[in-house]
Amino acid sequence: MPWFGIKFPNEIIAELNELEKEKTLLIPGCGTGETAETIKGMGFKETIGTDTSEVAIESAKKNFPGLEFKKTKTQELHQMGFKDVNVFDWMNLHHISKKKIVDYLSSLQIICKTLILSYIYESGLVESRPSIITGDECYNHKPDDVMRILKKLNVKRQFSFEIKSNPKFKKISYKAAALVFRK
């Protein structure tokens, strides 16, 4: 992914530092575990990374054996007993189609106490386009649409930031949106 090895923006770090470190912090779409490792290093007692990819989860377990990772869909987390947990969803929404976004976000709404949601969003771009890296479809979800779906949560903060890409990828920077919700 183009943001591997890139530090979180200061605003994201500030929001993460406000969370209770004793509470479980879920990281859906954790990929190969780098985000979970960074979060654990910030002093969180329990971090759990989840992903739908068996290959990603196996890689995460191998790379970070002291951390917990589970292969599961985000939409199934509530069935696993997660409730009132903090959730950090870092750069996943552009993979979620318009058809599936309501189910995805609603599932996070069910389990979270606090949700820090950051994702690529560039106003003025089309709703979907091929990825410059993989060719897979990428989706551009408007912050207002995301907030409408998550209407049961209170918006604590909304901001945008630019994230620099890992130099090995073609695009140098991305515009991103961040929304922080609390029950």
# chains A, B, ... in the order shown; residues from 1 in each chain; ligands from 1
>>> select_by_dssp(residues="range 33-149 of chain A", states="helix (DSSP H, G or I)", output="ChimeraX atom specification")
/A:34-40,54-63,74-80,93-95,101-111,143-149
>>> write_last_selection(atoms="N, CA and C atoms", output="compact mmCIF listing (two decimals), in the first residue's frame")
# COMPACT_ATOMS: atom_id res chain seq x y z
N GLU A 34 1.22 -3.51 10.05
CA GLU A 34 2.05 -2.35 10.41
C GLU A 34 1.28 -1.32 11.24
N THR A 35 0.02 -1.07 10.88
CA THR A 35 -0.78 -0.10 11.64
C THR A 35 -1.00 -0.59 13.07
N ALA A 36 -1.30 -1.88 13.23
CA ALA A 36 -1.51 -2.45 14.57
C ALA A 36 -0.24 -2.33 15.41
N GLU A 37 0.90 -2.57 14.80
CA GLU A 37 2.18 -2.46 15.52
C GLU A 37 2.42 -1.02 15.97
N THR A 38 2.15 -0.07 15.11
CA THR A 38 2.32 1.35 15.46
C THR A 38 1.41 1.72 16.62
N ILE A 39 0.15 1.29 16.55
CA ILE A 39 -0.83 1.60 17.60
C ILE A 39 -0.41 0.97 18.92
N LYS A 40 0.01 -0.27 18.90
CA LYS A 40 0.45 -0.96 20.13
C LYS A 40 1.60 -0.18 20.76
N GLU A 54 -6.72 -13.84 4.12
CA GLU A 54 -5.95 -14.86 4.85
C GLU A 54 -4.45 -14.60 4.70
N VAL A 55 -4.02 -14.22 3.51
CA VAL A 55 -2.61 -13.95 3.26
C VAL A 55 -2.13 -12.78 4.13
N ALA A 56 -2.92 -11.71 4.20
CA ALA A 56 -2.54 -10.55 5.02
C ALA A 56 -2.46 -10.92 6.49
N ILE A 57 -3.45 -11.66 6.99
CA ILE A 57 -3.46 -12.04 8.41
C ILE A 57 -2.29 -12.96 8.74
N GLU A 58 -2.01 -13.92 7.90
CA GLU A 58 -0.86 -14.81 8.14
C GLU A 58 0.45 -14.01 8.15
N SER A 59 0.57 -13.07 7.25
CA SER A 59 1.75 -12.21 7.20
C SER A 59 1.85 -11.36 8.47
N ALA A 60 0.72 -10.80 8.91
CA ALA A 60 0.70 -9.99 10.14
C ALA A 60 1.13 -10.81 11.34
N LYS A 61 0.61 -12.02 11.45
CA LYS A 61 0.96 -12.91 12.58
C LYS A 61 2.45 -13.25 12.56
N LYS A 62 2.99 -13.46 11.37
CA LYS A 62 4.41 -13.78 11.23
C LYS A 62 5.28 -12.57 11.57
N ASN A 63 4.88 -11.39 11.04
CA ASN A 63 5.67 -10.17 11.25
C ASN A 63 5.59 -9.64 12.68
N THR A 74 -15.39 -7.11 8.66
CA THR A 74 -15.76 -6.07 9.61
C THR A 74 -17.24 -6.21 9.97
N GLN A 75 -18.06 -6.57 9.01
CA GLN A 75 -19.50 -6.70 9.24
C GLN A 75 -19.84 -7.83 10.21
N GLU A 76 -18.89 -8.69 10.56
CA GLU A 76 -19.13 -9.80 11.48
C GLU A 76 -18.56 -9.57 12.88
N LEU A 77 -17.93 -8.43 13.11
CA LEU A 77 -17.30 -8.18 14.41
C LEU A 77 -18.30 -8.18 15.56
N HIS A 78 -19.50 -7.64 15.34
CA HIS A 78 -20.49 -7.62 16.42
C HIS A 78 -20.92 -9.03 16.80
N GLN A 79 -20.91 -9.97 15.85
CA GLN A 79 -21.27 -11.35 16.13
C GLN A 79 -20.18 -12.05 16.95
N MET A 80 -19.00 -11.47 16.99
CA MET A 80 -17.89 -12.04 17.77
C MET A 80 -17.88 -11.48 19.20
N LEU A 93 -11.82 2.87 3.39
CA LEU A 93 -13.10 3.11 2.72
C LEU A 93 -13.02 3.14 1.19
N HIS A 94 -11.88 3.50 0.64
CA HIS A 94 -11.80 3.55 -0.82
C HIS A 94 -11.90 2.15 -1.44
N HIS A 95 -11.81 1.10 -0.62
CA HIS A 95 -11.98 -0.27 -1.09
C HIS A 95 -13.44 -0.74 -1.01
N ILE A 101 -21.13 0.10 1.42
CA ILE A 101 -20.69 1.08 2.41
C ILE A 101 -21.64 1.19 3.61
N VAL A 102 -22.94 1.09 3.37
CA VAL A 102 -23.90 1.20 4.47
C VAL A 102 -23.71 0.04 5.45
N ASP A 103 -23.60 -1.20 4.95
CA ASP A 103 -23.39 -2.35 5.84
C ASP A 103 -22.07 -2.23 6.59
N TYR A 104 -21.03 -1.82 5.89
CA TYR A 104 -19.70 -1.70 6.50
C TYR A 104 -19.73 -0.68 7.65
N LEU A 105 -20.20 0.52 7.37
CA LEU A 105 -20.21 1.57 8.40
C LEU A 105 -21.21 1.27 9.52
N SER A 106 -22.35 0.70 9.18
CA SER A 106 -23.34 0.35 10.20
C SER A 106 -22.77 -0.67 11.18
N SER A 107 -21.98 -1.61 10.68
CA SER A 107 -21.37 -2.61 11.56
C SER A 107 -20.38 -1.96 12.53
N LEU A 108 -19.66 -0.95 12.07
CA LEU A 108 -18.74 -0.23 12.96
C LEU A 108 -19.53 0.56 14.00
N GLN A 109 -20.64 1.13 13.58
CA GLN A 109 -21.49 1.90 14.48
C GLN A 109 -22.01 1.03 15.63
N ILE A 110 -22.32 -0.23 15.36
CA ILE A 110 -22.85 -1.15 16.37
C ILE A 110 -21.81 -1.42 17.46
N ILE A 111 -20.56 -1.59 17.09
CA ILE A 111 -19.55 -2.06 18.05
C ILE A 111 -18.75 -0.96 18.73
N PRO A 143 -17.67 12.91 2.76
CA PRO A 143 -17.83 12.94 4.22
C PRO A 143 -19.28 13.12 4.67
N ASP A 144 -20.06 13.94 3.97
CA ASP A 144 -21.47 14.13 4.35
C ASP A 144 -22.25 12.82 4.23
N ASP A 145 -21.95 12.03 3.21
CA ASP A 145 -22.63 10.73 3.05
C ASP A 145 -22.24 9.79 4.18
N VAL A 146 -20.97 9.77 4.54
CA VAL A 146 -20.51 8.92 5.64
C VAL A 146 -21.20 9.33 6.94
N MET A 147 -21.29 10.63 7.20
CA MET A 147 -21.93 11.11 8.43
C MET A 147 -23.41 10.76 8.46
N ARG A 148 -24.08 10.78 7.31
CA ARG A 148 -25.50 10.40 7.27
C ARG A 148 -25.68 8.93 7.66
N ILE A 149 -24.79 8.08 7.19
CA ILE A 149 -24.87 6.65 7.52
C ILE A 149 -24.62 6.44 9.01
>>> select_by_dssp(residues="chain A", states="strand (DSSP E)", output="ChimeraX atom specification")
/A:24-28,46-51,68-71,85-90,112-120,128-130,137-139,154-164,173-182
>>> closest_residue(among="A:Glu11, A:Asp84, A:Asp51, A:Glu127", to="Phe159 in chain A", atoms="only C-alpha atoms")
A:Glu11
>>> closest_residue(among="A:Phe44, A:Lys98, A:Phe88, A:Tyr139", to="Ala178 in chain A", atoms="only C-alpha atoms")
A:Phe88
>>> atom_distance(atom1="CA of Ile120 in chain A", atom2="CA of Thr52 in chain A")
19.9 Å
>>> residues_around(residues="range 150-157 of chain A", least_positions_apart="3", cutoff="6 Å", atoms="only C-alpha atoms", output="list in words")
Met147, Leu179, Val180, Phe181, Arg182 and Lys183 of chain A
>>> residues_around(residues="Thr24 in chain A", least_positions_apart="3", cutoff="8 Å", atoms="only C-alpha atoms", output="count of residues only")
8
>>> closest_residue(among="A:Ile163, A:Ile27, A:Leu115, A:Val87", to="Thr72 in chain A", atoms="only C-alpha atoms")
A:Ile27
>>> atom_distance(atom1="CA of Lys71 in chain A", atom2="CA of Lys100 in chain A")
18.7 Å
>>> closest_residue(among="A:Tyr121, A:Phe82, A:Phe161, A:Ser128", to="Lys142 in chain A", atoms="only C-alpha atoms")
A:Tyr121
